[in-house]
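Peer 1: So that you have it, the file is start-v1.cif, and it contains mmCIF, C-alpha atoms and all ligand atoms:
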data_query
#
loop_
_atom_site.label_atom_id
_atom_site.label_comp_id
_atom_site.auth_asym_id
_atom_site.auth_seq_id
_atom_site.Cartn_x
_atom_site.Cartn_y
_atom_site.Cartn_z
CA MET H 1 -20.78 -8.45 5.55
CA GLY H 2 -19.36 -7.39 2.23
CA SER H 3 -21.07 -7.46 -1.14
CA ALA H 4 -20.28 -11.03 -2.24
CA VAL H 5 -21.84 -12.81 0.72
CA THR H 6 -24.69 -10.28 0.80
CA MET H 7 -25.59 -11.09 -2.81
CA GLU H 8 -25.54 -14.80 -2.03
CA ALA H 9 -27.78 -14.33 0.98
CA VAL H 10 -30.20 -12.21 -1.05
CA ASP H 11 -30.33 -14.84 -3.83
CA GLU H 12 -31.00 -17.55 -1.32
CA LEU H 13 -33.66 -15.47 0.39
CA ARG H 14 -35.33 -14.73 -2.93
CA SER H 15 -35.54 -18.38 -3.87
CA ARG H 16 -36.86 -19.29 -0.41
CA ALA H 17 -39.42 -16.51 -0.62
CA ARG H 18 -40.70 -18.00 -3.85
CA SER H 19 -40.66 -21.64 -2.89
CA LYS H 20 -42.04 -21.13 0.61
CA ARG H 21 -44.28 -18.22 -0.32
CA LEU H 22 -42.91 -16.02 2.46
CA GLU H 23 -45.02 -13.05 3.42
CA GLY H 24 -44.37 -10.04 5.60
CA ARG H 25 -41.39 -8.65 7.41
CA GLU H 26 -41.24 -11.21 10.19
CA GLU H 27 -41.16 -14.19 7.83
CA PHE H 28 -38.49 -12.59 5.70
CA LEU H 29 -36.32 -11.71 8.69
CA SER H 30 -36.71 -15.16 10.12
CA ALA H 31 -35.68 -16.79 6.82
CA LEU H 32 -32.74 -14.41 6.48
CA GLY H 33 -31.70 -15.22 10.04
CA GLU H 34 -31.71 -18.91 9.19
CA ILE H 35 -29.62 -18.36 6.07
CA LEU H 36 -27.03 -16.29 7.95
CA SER H 37 -26.92 -18.77 10.82
CA ASN H 38 -26.03 -21.50 8.35
CA TYR H 39 -23.12 -19.42 7.07
CA LEU H 40 -21.70 -18.81 10.55
CA GLN H 41 -19.51 -21.14 12.53
CA GLU H 42 -19.46 -21.31 16.32
CA TYR H 43 -16.53 -22.58 18.41
CA ARG H 44 -16.49 -23.65 22.04
CA LEU H 45 -12.97 -22.89 23.13
CA GLU H 46 -12.64 -25.03 26.22
CA LEU H 47 -9.54 -26.02 28.14
CA ASP H 48 -8.45 -29.62 27.92
CA PRO H 49 -8.29 -30.67 31.58
CA GLU H 50 -5.77 -33.43 30.86
CA ARG H 51 -3.14 -31.42 29.03
CA LEU H 52 -1.29 -28.13 28.94
CA ASN H 53 -3.27 -25.70 26.80
CA VAL H 54 -1.44 -23.24 24.56
CA PHE H 55 -3.24 -20.41 22.77
CA LEU H 56 -1.20 -18.48 20.24
CA VAL H 57 -2.97 -15.14 19.94
CA LEU H 58 -2.59 -13.35 16.62
CA GLY H 59 -3.77 -10.08 15.14
CA VAL H 60 -2.55 -6.83 13.65
CA ASN H 61 -1.67 -3.89 15.89
CA GLY H 62 -4.56 -2.04 17.42
CA VAL H 63 -7.29 -4.64 16.97
CA GLY H 64 -7.45 -5.33 20.71
CA LYS H 65 -5.10 -8.32 20.89
CA THR H 66 -3.34 -7.51 24.18
CA THR H 67 -6.60 -6.65 25.91
CA THR H 68 -8.15 -9.86 24.58
CA ILE H 69 -5.26 -11.91 26.00
CA ALA H 70 -5.93 -10.37 29.41
CA LYS H 71 -9.64 -11.12 29.06
CA LEU H 72 -8.90 -14.73 28.08
CA ALA H 73 -6.61 -15.05 31.12
CA GLN H 74 -9.41 -13.80 33.34
CA TYR H 75 -11.93 -16.09 31.66
CA TYR H 76 -9.89 -19.28 32.02
CA ARG H 77 -8.10 -18.77 35.32
CA SER H 78 -9.27 -21.09 38.03
CA ASP H 79 -11.97 -19.90 40.38
CA SER H 80 -9.53 -19.90 43.22
CA THR H 81 -7.94 -16.47 42.73
CA SER H 82 -5.03 -17.44 44.98
CA ASP H 83 -3.77 -19.77 42.25
CA SER H 84 -1.68 -17.33 40.26
CA GLU H 85 0.26 -20.11 38.51
CA ASP H 86 -2.77 -21.36 36.63
CA VAL H 87 -2.32 -19.13 33.56
CA VAL H 88 0.96 -17.80 32.13
CA LEU H 89 1.29 -14.93 29.67
CA ALA H 90 4.10 -14.94 27.10
CA ALA H 91 5.14 -11.50 25.81
CA GLY H 92 5.85 -12.73 22.29
CA ASP H 93 5.45 -9.33 20.64
CA THR H 94 9.09 -8.43 21.22
CA PHE H 95 9.06 -5.95 18.38
CA ARG H 96 7.38 -3.19 20.40
CA ALA H 97 8.62 -2.39 23.90
CA ALA H 98 5.17 -0.98 24.63
CA ALA H 99 3.55 -4.32 23.85
CA ILE H 100 5.74 -6.09 26.43
CA ASP H 101 4.98 -3.42 29.04
CA GLN H 102 1.28 -3.47 28.31
CA LEU H 103 0.99 -7.24 28.62
CA SER H 104 3.02 -7.22 31.85
CA LEU H 105 0.76 -4.51 33.24
CA HIS H 106 -2.33 -6.61 32.51
CA GLY H 107 -0.56 -9.56 34.14
CA GLU H 108 0.20 -7.51 37.26
CA ARG H 109 -3.39 -6.29 37.51
CA LEU H 110 -4.69 -9.83 37.18
CA GLY H 111 -2.02 -11.30 39.45
CA ILE H 112 -0.78 -13.51 36.62
CA ARG H 113 2.83 -14.15 35.63
CA THR H 114 4.18 -12.71 32.38
CA ILE H 115 7.24 -14.33 30.81
CA LYS H 116 9.18 -11.69 28.93
CA GLN H 117 12.57 -10.73 27.56
CA ALA H 118 14.03 -7.44 26.38
CA PRO H 119 12.60 -5.75 23.28
CA GLY H 120 14.12 -7.22 20.13
CA ALA H 121 14.50 -10.70 21.66
CA ASP H 122 13.52 -13.75 19.65
CA PRO H 123 9.75 -14.26 20.17
CA GLY H 124 10.27 -18.01 19.79
CA ALA H 125 12.65 -17.96 22.78
CA VAL H 126 10.11 -16.09 24.92
CA ILE H 127 7.39 -18.58 24.10
CA PHE H 128 9.81 -21.45 24.68
CA ASP H 129 10.55 -20.05 28.17
CA ALA H 130 6.85 -19.68 28.88
CA LEU H 131 6.20 -23.31 27.91
CA GLU H 132 9.04 -24.52 30.17
CA SER H 133 7.82 -22.35 33.01
CA ALA H 134 4.23 -23.55 32.60
CA ARG H 135 5.38 -27.16 32.73
CA SER H 136 7.57 -26.74 35.78
CA ARG H 137 4.83 -24.99 37.73
CA GLY H 138 1.95 -27.13 36.55
CA SER H 139 0.08 -24.32 34.81
CA ARG H 140 -2.94 -25.17 32.68
CA LEU H 141 -2.78 -22.44 30.06
CA VAL H 142 -0.14 -20.43 28.20
CA LEU H 143 -1.46 -17.36 26.38
CA ALA H 144 1.17 -16.23 23.90
CA ASP H 145 1.17 -12.76 22.37
CA THR H 146 2.66 -12.28 18.90
CA ALA H 147 3.80 -9.29 16.88
CA GLY H 148 1.07 -7.67 14.80
CA ARG H 149 3.10 -6.21 11.99
CA MET H 150 1.74 -6.69 8.52
CA HIS H 151 4.52 -4.98 6.59
CA SER H 152 5.02 -7.94 4.33
CA LYS H 153 3.01 -11.08 4.07
CA GLN H 154 6.03 -13.31 3.54
CA ASN H 155 7.76 -11.89 6.56
CA LEU H 156 4.71 -12.47 8.71
CA VAL H 157 4.34 -16.03 7.46
CA ASN H 158 8.03 -16.73 8.17
CA GLU H 159 7.92 -15.29 11.68
CA LEU H 160 4.73 -17.09 12.60
CA SER H 161 5.82 -20.39 11.10
CA LYS H 162 8.90 -20.31 13.29
CA ILE H 163 6.87 -19.74 16.45
CA ASP H 164 4.35 -22.35 15.36
CA LYS H 165 7.13 -24.90 14.90
CA ILE H 166 8.58 -24.21 18.35
CA ILE H 167 5.22 -24.77 20.00
CA ARG H 168 4.61 -27.95 18.02
CA ASN H 169 8.07 -29.26 18.97
CA ARG H 170 8.22 -28.17 22.58
CA ALA H 171 4.61 -28.85 23.43
CA ALA H 172 3.74 -31.73 21.15
CA ASP H 173 1.39 -33.14 23.77
CA ALA H 174 -0.35 -29.80 24.44
CA ALA H 175 -3.79 -28.72 23.30
CA TYR H 176 -2.61 -26.02 20.92
CA LYS H 177 -4.95 -23.42 19.36
CA ARG H 178 -4.33 -20.51 17.07
CA ILE H 179 -6.68 -17.61 17.71
CA LEU H 180 -6.99 -14.47 15.60
CA VAL H 181 -8.32 -11.26 17.12
CA ILE H 182 -10.18 -9.03 14.69
CA ASP H 183 -11.70 -5.60 15.19
CA ALA H 184 -15.45 -5.24 14.65
CA THR H 185 -14.96 -1.72 13.32
CA THR H 186 -12.63 -2.61 10.42
CA GLY H 187 -14.96 -4.37 7.96
CA GLN H 188 -13.40 -5.99 4.89
CA ASN H 189 -9.89 -5.55 6.27
CA ALA H 190 -10.69 -8.11 8.92
CA LEU H 191 -11.60 -10.65 6.25
CA ARG H 192 -8.28 -10.07 4.52
CA GLN H 193 -6.44 -10.44 7.85
CA ALA H 194 -8.23 -13.72 8.55
CA GLU H 195 -7.24 -14.99 5.11
CA ILE H 196 -3.57 -14.15 5.58
CA PHE H 197 -3.22 -15.50 9.12
CA HIS H 198 -5.18 -18.60 8.20
CA GLU H 199 -2.80 -19.25 5.36
CA ALA H 200 0.21 -18.63 7.63
CA VAL H 201 -0.64 -20.87 10.60
CA GLY H 202 -4.14 -22.29 10.15
CA LEU H 203 -6.62 -20.62 12.50
CA ASP H 204 -8.83 -22.50 14.94
CA ALA H 205 -11.07 -19.53 15.70
CA VAL H 206 -11.42 -15.77 15.73
CA VAL H 207 -12.34 -13.44 18.56
CA LEU H 208 -14.28 -10.36 17.50
CA ALA H 209 -13.12 -7.42 19.64
CA LYS H 210 -14.87 -4.04 20.02
CA TYR H 211 -18.26 -5.56 19.38
CA ASP H 212 -19.68 -3.04 21.86
CA SER H 213 -18.98 -0.25 19.38
CA THR H 214 -21.65 0.82 16.90
CA ALA H 215 -20.28 -1.70 14.38
CA LYS H 216 -22.22 -4.93 14.11
CA GLY H 217 -19.26 -7.06 13.06
CA GLY H 218 -20.98 -8.51 9.99
CA ILE H 219 -17.56 -9.58 8.77
CA LEU H 220 -17.93 -12.79 10.81
CA VAL H 221 -20.37 -13.99 8.15
CA PRO H 222 -17.89 -14.22 5.24
CA ILE H 223 -15.17 -15.38 7.65
CA GLY H 224 -17.43 -18.29 8.55
CA LYS H 225 -18.85 -18.94 5.12
CA ASP H 226 -15.89 -18.40 2.80
CA LEU H 227 -12.98 -19.29 5.07
CA GLY H 228 -14.76 -21.79 7.30
CA ILE H 229 -13.29 -20.17 10.42
CA PRO H 230 -15.53 -20.14 13.49
CA CYS H 231 -15.90 -17.44 16.13
CA ALA H 232 -15.19 -18.28 19.76
CA PHE H 233 -15.77 -15.02 21.64
CA LEU H 234 -17.02 -11.47 21.33
CA GLY H 235 -15.23 -8.62 23.09
CA ARG H 236 -17.91 -6.33 24.44
CA GLY H 237 -15.89 -3.68 26.25
CA GLU H 238 -12.59 -2.73 27.78
CA THR H 239 -12.98 -4.48 31.13
CA TYR H 240 -11.48 -7.91 31.81
CA ASP H 241 -14.85 -9.58 32.20
CA SER H 242 -16.29 -8.29 28.91
CA LEU H 243 -15.50 -11.40 26.89
CA VAL H 244 -18.56 -13.46 26.02
CA PRO H 245 -18.71 -16.84 24.24
CA PHE H 246 -20.02 -16.45 20.72
CA ASP H 247 -23.60 -17.56 20.24
CA THR H 248 -24.88 -17.66 16.66
CA LYS H 249 -28.53 -17.08 17.50
CA THR H 250 -27.90 -13.98 19.61
CA TYR H 251 -25.40 -12.58 17.11
CA VAL H 252 -27.75 -12.99 14.14
CA ALA H 253 -30.62 -11.40 16.06
CA GLU H 254 -28.39 -8.42 16.87
CA LEU H 255 -27.12 -8.22 13.30
CA LEU H 256 -30.65 -8.07 11.94
CA GLY H 257 -31.85 -5.86 14.76
CA SER H 258 -34.73 -8.18 15.47
CA ASP H 259 -35.84 -10.98 17.76
CA VAL H 260 -35.22 -13.73 15.25
CA THR H 261 -35.83 -17.16 16.67
P1 LIG P 301 -3.42 -4.44 20.30
O1 LIG P 301 -2.52 -3.40 19.72
O2 LIG P 301 -4.07 -5.26 19.27
O3 LIG P 301 -2.79 -5.24 21.37
O4 LIG P 301 -4.64 -3.64 20.96
P2 LIG P 301 -4.99 -3.30 22.47
O5 LIG P 301 -5.32 -4.53 23.22
O6 LIG P 301 -3.92 -2.43 23.02
O7 LIG P 301 -6.34 -2.50 22.28
C1 LIG P 301 -6.43 -1.30 21.55
C2 LIG P 301 -7.53 -0.45 22.16
O8 LIG P 301 -8.78 -1.09 21.97
C3 LIG P 301 -7.39 -0.24 23.66
O9 LIG P 301 -7.73 1.09 23.96
C4 LIG P 301 -8.38 -1.22 24.26
O10 LIG P 301 -8.87 -0.79 25.51
C5 LIG P 301 -9.47 -1.22 23.21
N1 LIG P 301 -10.26 -2.45 23.19
C6 LIG P 301 -9.84 -3.74 23.10
N2 LIG P 301 -10.87 -4.60 23.08
C7 LIG P 301 -12.01 -3.85 23.15
C8 LIG P 301 -13.42 -4.14 23.18
O11 LIG P 301 -13.88 -5.30 23.10
N3 LIG P 301 -14.25 -3.05 23.25
C9 LIG P 301 -13.79 -1.77 23.32
N4 LIG P 301 -14.67 -0.77 23.39
N5 LIG P 301 -12.49 -1.47 23.29
C10 LIG P 301 -11.60 -2.49 23.22
#
Show how you would write the structure in this file as structure tokens.
Peer 2:
Amino acid sequence: MGSAVTMEAVDELRSRARSKRLEGREEFLSALGEILSNYLQEYRLELDPERLNVFLVLGVNGVGKTTTIAKLAQYYRSDSTSDSEDVVLAAGDTFRAAAIDQLSLHGERLGIRTIKQAPGADPGAVIFDALESARSRGSRLVLADTAGRMHSKQNLVNELSKIDKIIRNRAADAAYKRILVIDATTGQNALRQAEIFHEAVGLDAVVLAKYDSTAKGGILVPIGKDLGIPCAFLGRGETYDSLVPFDTKTYVAELLGSDVT
């Protein structure tokens, strides 16, 4: 969780222990669970049935962004698997040829269309095409990938602001969400990433990938408490169906390694 938020939680626990005369492990864990739950934010990322939904998926390379896009596609596609037009992927990470190929491969496996251009193309143009395509075919959701380079903050902010503007202009009537994927195994780095991306485009929620690893992903606590950014999903594996909606109670119980109620 990081030292700052840990100290705050300990202070709060200490004062509760005094005022409520807490005794024993169970009472302490339960109070700590309550404190942490209050710090966390939960987000129900649901599709708006009346409008086109656009999720701009952000994150630095390697966190699990591409895989998470595929999982989101699987999660939101309609039950009728014959409807391959329901969700559209936009290969907006045009910086790496491998990223375009990887997203297309996921699309092929899922039977979902991927809108792409050659490596080096303008990511805004790719996302523009995807929005047009989604409209003409009546799709419900566009999942747009973005480049995950963090070489310079200003550069990142500029690139993302451009894409953000295109979506706001071309899909002004869409339900538009900005989602950051973070890696449960990276600790404080993930907090820094959330800060930077939040400043660049304003995040609606994070998805915590690789939560099935040994890491407990405590970084969600300061992301919720200090940045006010909620968590929508946990990635619990490499398969397409391993995305689970974030539930504060379950997460806190797992974080504390107890059956906190
Ligand atoms: P990107 O560079 O951010 O697009 O990252 P990728 O989507 O390519 O993922 C990087 C690696 O992490 C791949 O080997 C994925 O299979 C793996 N990965 C992604 N999400 C999860 C997860 O929730 N759990 C586990 N165990 N591995 C994951």
Peer 1: Grab me every residue within 6 Å of ligand LIG 301 (chain P), counting only C-alpha atoms and all ligand atoms, and send it over as a count of residues only.
Peer 2: 16
Peer 1: Which distance in Å separates CA of Val87 (chain H) and CA of Leu131 (chain H), to one decimal?
Peer 2: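 Rounded to one decimal, the two atoms are 11.0 Å apart.
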Peer 1: For CA of Leu160 (chain H) and CA of Asp226 (chain H), quote the distance in Å rounded to one decimal.
Peer 2: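 Those two atoms sit 22.9 Å apart.
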Peer 1: Between H:Lys162, H:Leu256, H:Phe246, H:Gly228, single out the one closest to Asn38 (chain H), counting only C-alpha atoms.
Peer 2: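 Nearest to Asn38 (chain H): H:Gly228.
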Peer 1: Between CA of Asn53 (chain H) and CA of Leu103 (chain H), what is the distance in Å, rounded to a tenth?
Peer 2: 19.0 Å
Peer 1: Using only C-alpha atoms, find the one residue out of H:Ala200, H:Arg18, H:Glu50, H:Leu13 that sits nearest to Asn155 (chain H).
Peer 2: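 Distance minimum relative to Asn155 (chain H) lands on H:Ala200.
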Peer 1: For Gln154 (chain H), which residue out of H:Thr248, H:Lys71, H:Glu199, H:Arg168 is the nearest one, using all atoms listed in the file?
Peer 2: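 Among the listed residues, H:Glu199 lies closest to Gln154 (chain H).
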Peer 1: Tell me, as a ChimeraX atom specification, which residues lie within 9 Å of region 174-179 of chain H, counting all atoms listed in the file; anything in the same chain fewer than 6 positions away does not count.
Peer 2: /H:45,47-48,51-59,167-168,201-207,232
Peer 1: Restrict the selected residues to C-alpha atoms and save them as a CSV table (one decimal), in the frame of the given file.
Peer 2:
chain,number,residue,atom,x,y,z
H,45,LEU,CA,-13.0,-22.9,23.1
H,47,LEU,CA,-9.5,-26.0,28.1
H,48,ASP,CA,-8.4,-29.6,27.9
H,51,ARG,CA,-3.1,-31.4,29.0
H,52,LEU,CA,-1.3,-28.1,28.9
H,53,ASN,CA,-3.3,-25.7,26.8
H,54,VAL,CA,-1.4,-23.2,24.6
H,55,PHE,CA,-3.2,-20.4,22.8
H,56,LEU,CA,-1.2,-18.5,20.2
H,57,VAL,CA,-3.0,-15.1,19.9
H,58,LEU,CA,-2.6,-13.4,16.6
H,59,GLY,CA,-3.8,-10.1,15.1
H,167,ILE,CA,5.2,-24.8,20.0
H,168,ARG,CA,4.6,-28.0,18.0
H,201,VAL,CA,-0.6,-20.9,10.6
H,202,GLY,CA,-4.1,-22.3,10.2
H,203,LEU,CA,-6.6,-20.6,12.5
H,204,ASP,CA,-8.8,-22.5,14.9
H,205,ALA,CA,-11.1,-19.5,15.7
H,206,VAL,CA,-11.4,-15.8,15.7
H,207,VAL,CA,-12.3,-13.4,18.6
H,232,ALA,CA,-15.2,-18.3,19.8
Peer 1: Restricting the calculation to all atoms listed in the file: of H:Gln188, H:Thr146, H:Gln74, H:Gln41, which residue gets closest to Arg109 (chain H)?
Peer 2: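 Closest to Arg109 (chain H), using all atoms listed in the file: H:Gln74.
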Peer 1: Which one is closest to Ile35 (chain H): H:Val5, H:Leu141, H:Leu208, H:Leu22? Count all atoms listed in the file.
Peer 2: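 The answer is H:Val5, which sits nearest to Ile35 (chain H).
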Peer 1: Contacts of Gly224 (chain H) at 9 Å or less, counting only C-alpha atoms, minus same-chain residues fewer than 6 places along, as a PyMOL selection string?
Peer 2: chain H and resi 39-42+230-231
Peer 1: Which residues come within 12 Å of Leu36 (chain H), counting all atoms listed in the file, excluding same-chain residues fewer than 6 positions away, as a ChimeraX atom specification?
Peer 2: /H:1,5-6,8-10,12-13,29-30,218-225,248-256,260
Peer 1: Name all residues at most 6 Å from Thr114 (chain H) (count all atoms listed in the file; drop same-chain ones fewer than 6 positions away) and give them as a PyMOL selection string.
Peer 2: chain H and resi 89-90+104+107
Peer 1: Which one is closest to Val126 (chain H): H:Glu159, H:Glu85, H:Glu108, H:Asp93? Count only C-alpha atoms.
Peer 2: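 Of H:Glu159, H:Glu85, H:Glu108, H:Asp93, the one nearest Val126 (chain H), counting only C-alpha atoms, is H:Asp93.
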Peer 1: So which residues touch Ala97 (chain H) within 6 Å, counting all atoms listed in the file, skipping near sequence neighbours fewer than 2 positions away, as a compact mmCIF listing (two decimals) with C-alpha atoms, in the coordinates of the input?
Peer 2:
# COMPACT_ATOMS: atom_id res chain seq x y z
CA ALA H 99 3.55 -4.32 23.85
CA ILE H 100 5.74 -6.09 26.43
CA PRO H 119 12.60 -5.75 23.28
Peer 1: How big is the axis-aligned box, and where does its centre sit, when it encloses all atoms of region 112-126 of chain H listed in the file and has 5 Å added on every side, reported in Å to one decimal as AutoDock Vina command-line options?
Peer 2:
--center_x 6.9 --center_y -11.9 --center_z 28.1 --size_x 25.3 --size_y 22.3 --size_z 27.0
Peer 1: Taking the block above, write region 151-234 of chain H with C-alpha atoms as a PDB file, in the first residue's frame.
Peer 2:
ATOM      1  CA  HIS H 151       9.543   8.284 -22.212  1.00  0.00           C
ATOM      2  CA  SER H 152       8.427  11.780 -21.384  1.00  0.00           C
ATOM      3  CA  LYS H 153       5.434  12.921 -19.461  1.00  0.00           C
ATOM      4  CA  GLN H 154       4.754  15.896 -21.707  1.00  0.00           C
ATOM      5  CA  ASN H 155       4.874  13.745 -24.789  1.00  0.00           C
ATOM      6  CA  LEU H 156       2.435  11.285 -23.287  1.00  0.00           C
ATOM      7  CA  VAL H 157       0.074  14.056 -22.235  1.00  0.00           C
ATOM      8  CA  ASN H 158       0.204  15.585 -25.737  1.00  0.00           C
ATOM      9  CA  GLU H 159      -0.441  12.283 -27.504  1.00  0.00           C
ATOM     10  CA  LEU H 160      -3.286  11.312 -25.225  1.00  0.00           C
ATOM     11  CA  SER H 161      -4.896  14.745 -25.283  1.00  0.00           C
ATOM     12  CA  LYS H 162      -5.057  14.540 -29.059  1.00  0.00           C
ATOM     13  CA  ILE H 163      -6.776  11.154 -28.989  1.00  0.00           C
ATOM     14  CA  ASP H 164      -9.071  12.324 -26.205  1.00  0.00           C
ATOM     15  CA  LYS H 165     -10.110  15.337 -28.278  1.00  0.00           C
ATOM     16  CA  ILE H 166     -10.885  13.200 -31.324  1.00  0.00           C
ATOM     17  CA  ILE H 167     -13.143  10.924 -29.308  1.00  0.00           C
ATOM     18  CA  ARG H 168     -14.897  13.875 -27.673  1.00  0.00           C
ATOM     19  CA  ASN H 169     -15.448  15.490 -31.091  1.00  0.00           C
ATOM     20  CA  ARG H 170     -16.356  12.448 -33.129  1.00  0.00           C
ATOM     21  CA  ALA H 171     -18.375  10.689 -30.469  1.00  0.00           C
ATOM     22  CA  ALA H 172     -19.806  13.555 -28.465  1.00  0.00           C
ATOM     23  CA  ASP H 173     -22.955  11.556 -27.791  1.00  0.00           C
ATOM     24  CA  ALA H 174     -21.084   8.387 -26.746  1.00  0.00           C
ATOM     25  CA  ALA H 175     -20.608   7.042 -23.241  1.00  0.00           C
ATOM     26  CA  TYR H 176     -16.872   7.615 -23.072  1.00  0.00           C
ATOM     27  CA  LYS H 177     -14.641   6.145 -20.326  1.00  0.00           C
ATOM     28  CA  ARG H 178     -10.932   6.291 -19.739  1.00  0.00           C
ATOM     29  CA  ILE H 179      -9.578   3.143 -18.129  1.00  0.00           C
ATOM     30  CA  LEU H 180      -6.042   2.624 -16.850  1.00  0.00           C
ATOM     31  CA  VAL H 181      -4.590  -0.864 -16.582  1.00  0.00           C
ATOM     32  CA  ILE H 182      -2.073  -1.312 -13.784  1.00  0.00           C
ATOM     33  CA  ASP H 183       0.018  -4.314 -12.833  1.00  0.00           C
ATOM     34  CA  ALA H 184      -0.490  -5.786  -9.356  1.00  0.00           C
ATOM     35  CA  THR H 185       3.187  -6.711  -9.172  1.00  0.00           C
ATOM     36  CA  THR H 186       4.608  -3.191  -9.629  1.00  0.00           C
ATOM     37  CA  GLY H 187       3.759  -1.492  -6.317  1.00  0.00           C
ATOM     38  CA  GLN H 188       4.449   2.233  -6.009  1.00  0.00           C
ATOM     39  CA  ASN H 189       5.114   2.562  -9.735  1.00  0.00           C
ATOM     40  CA  ALA H 190       1.458   1.888 -10.369  1.00  0.00           C
ATOM     41  CA  LEU H 191       0.487   4.808  -8.135  1.00  0.00           C
ATOM     42  CA  ARG H 192       2.789   7.096 -10.089  1.00  0.00           C
ATOM     43  CA  GLN H 193       1.325   5.836 -13.379  1.00  0.00           C
ATOM     44  CA  ALA H 194      -2.206   6.487 -12.134  1.00  0.00           C
ATOM     45  CA  GLU H 195      -1.208  10.017 -11.156  1.00  0.00           C
ATOM     46  CA  ILE H 196       0.293  10.804 -14.556  1.00  0.00           C
ATOM     47  CA  PHE H 197      -2.504   9.312 -16.666  1.00  0.00           C
ATOM     48  CA  HIS H 198      -5.118  10.897 -14.435  1.00  0.00           C
ATOM     49  CA  GLU H 199      -3.519  14.263 -14.973  1.00  0.00           C
ATOM     50  CA  ALA H 200      -3.308  13.652 -18.736  1.00  0.00           C
ATOM     51  CA  VAL H 201      -6.880  12.555 -19.505  1.00  0.00           C
ATOM     52  CA  GLY H 202      -8.810  12.163 -16.247  1.00  0.00           C
ATOM     53  CA  LEU H 203      -9.361   8.496 -15.402  1.00  0.00           C
ATOM     54  CA  ASP H 204     -12.759   6.962 -14.736  1.00  0.00           C
ATOM     55  CA  ALA H 205     -11.374   3.734 -13.294  1.00  0.00           C
ATOM     56  CA  VAL H 206      -8.439   1.366 -13.101  1.00  0.00           C
ATOM     57  CA  VAL H 207      -8.241  -2.338 -13.855  1.00  0.00           C
ATOM     58  CA  LEU H 208      -5.756  -4.252 -11.720  1.00  0.00           C
ATOM     59  CA  ALA H 209      -4.130  -6.927 -13.896  1.00  0.00           C
ATOM     60  CA  LYS H 210      -2.079  -9.916 -12.689  1.00  0.00           C
ATOM     61  CA  TYR H 211      -3.961 -10.071  -9.424  1.00  0.00           C
ATOM     62  CA  ASP H 212      -3.580 -13.861  -9.565  1.00  0.00           C
ATOM     63  CA  SER H 213       0.150 -13.477  -8.934  1.00  0.00           C
ATOM     64  CA  THR H 214       1.517 -13.566  -5.398  1.00  0.00           C
ATOM     65  CA  ALA H 215       1.135  -9.767  -5.194  1.00  0.00           C
ATOM     66  CA  LYS H 216      -1.906  -8.547  -3.316  1.00  0.00           C
ATOM     67  CA  GLY H 217      -2.253  -5.303  -5.238  1.00  0.00           C
ATOM     68  CA  GLY H 218      -2.368  -3.100  -2.135  1.00  0.00           C
ATOM     69  CA  ILE H 219      -1.635  -0.148  -4.392  1.00  0.00           C
ATOM     70  CA  LEU H 220      -5.382   0.161  -5.060  1.00  0.00           C
ATOM     71  CA  VAL H 221      -5.701   1.623  -1.563  1.00  0.00           C
ATOM     72  CA  PRO H 222      -3.700   4.844  -2.159  1.00  0.00           C
ATOM     73  CA  ILE H 223      -5.094   5.042  -5.705  1.00  0.00           C
ATOM     74  CA  GLY H 224      -8.562   5.142  -4.179  1.00  0.00           C
ATOM     75  CA  LYS H 225      -7.748   7.256  -1.162  1.00  0.00           C
ATOM     76  CA  ASP H 226      -5.285   9.819  -2.492  1.00  0.00           C
ATOM     77  CA  LEU H 227      -6.325  10.051  -6.135  1.00  0.00           C
ATOM     78  CA  GLY H 228     -10.004   9.200  -5.717  1.00  0.00           C
ATOM     79  CA  ILE H 229      -9.846   6.751  -8.630  1.00  0.00           C
ATOM     80  CA  PRO H 230     -12.026   3.654  -8.320  1.00  0.00           C
ATOM     81  CA  CYS H 231     -11.279   0.112  -9.448  1.00  0.00           C
ATOM     82  CA  ALA H 232     -13.604  -1.586 -11.925  1.00  0.00           C
ATOM     83  CA  PHE H 233     -12.076  -5.025 -12.496  1.00  0.00           C
ATOM     84  CA  LEU H 234      -9.390  -7.424 -11.346  1.00  0.00           C
TER      85      LEU H 234
END
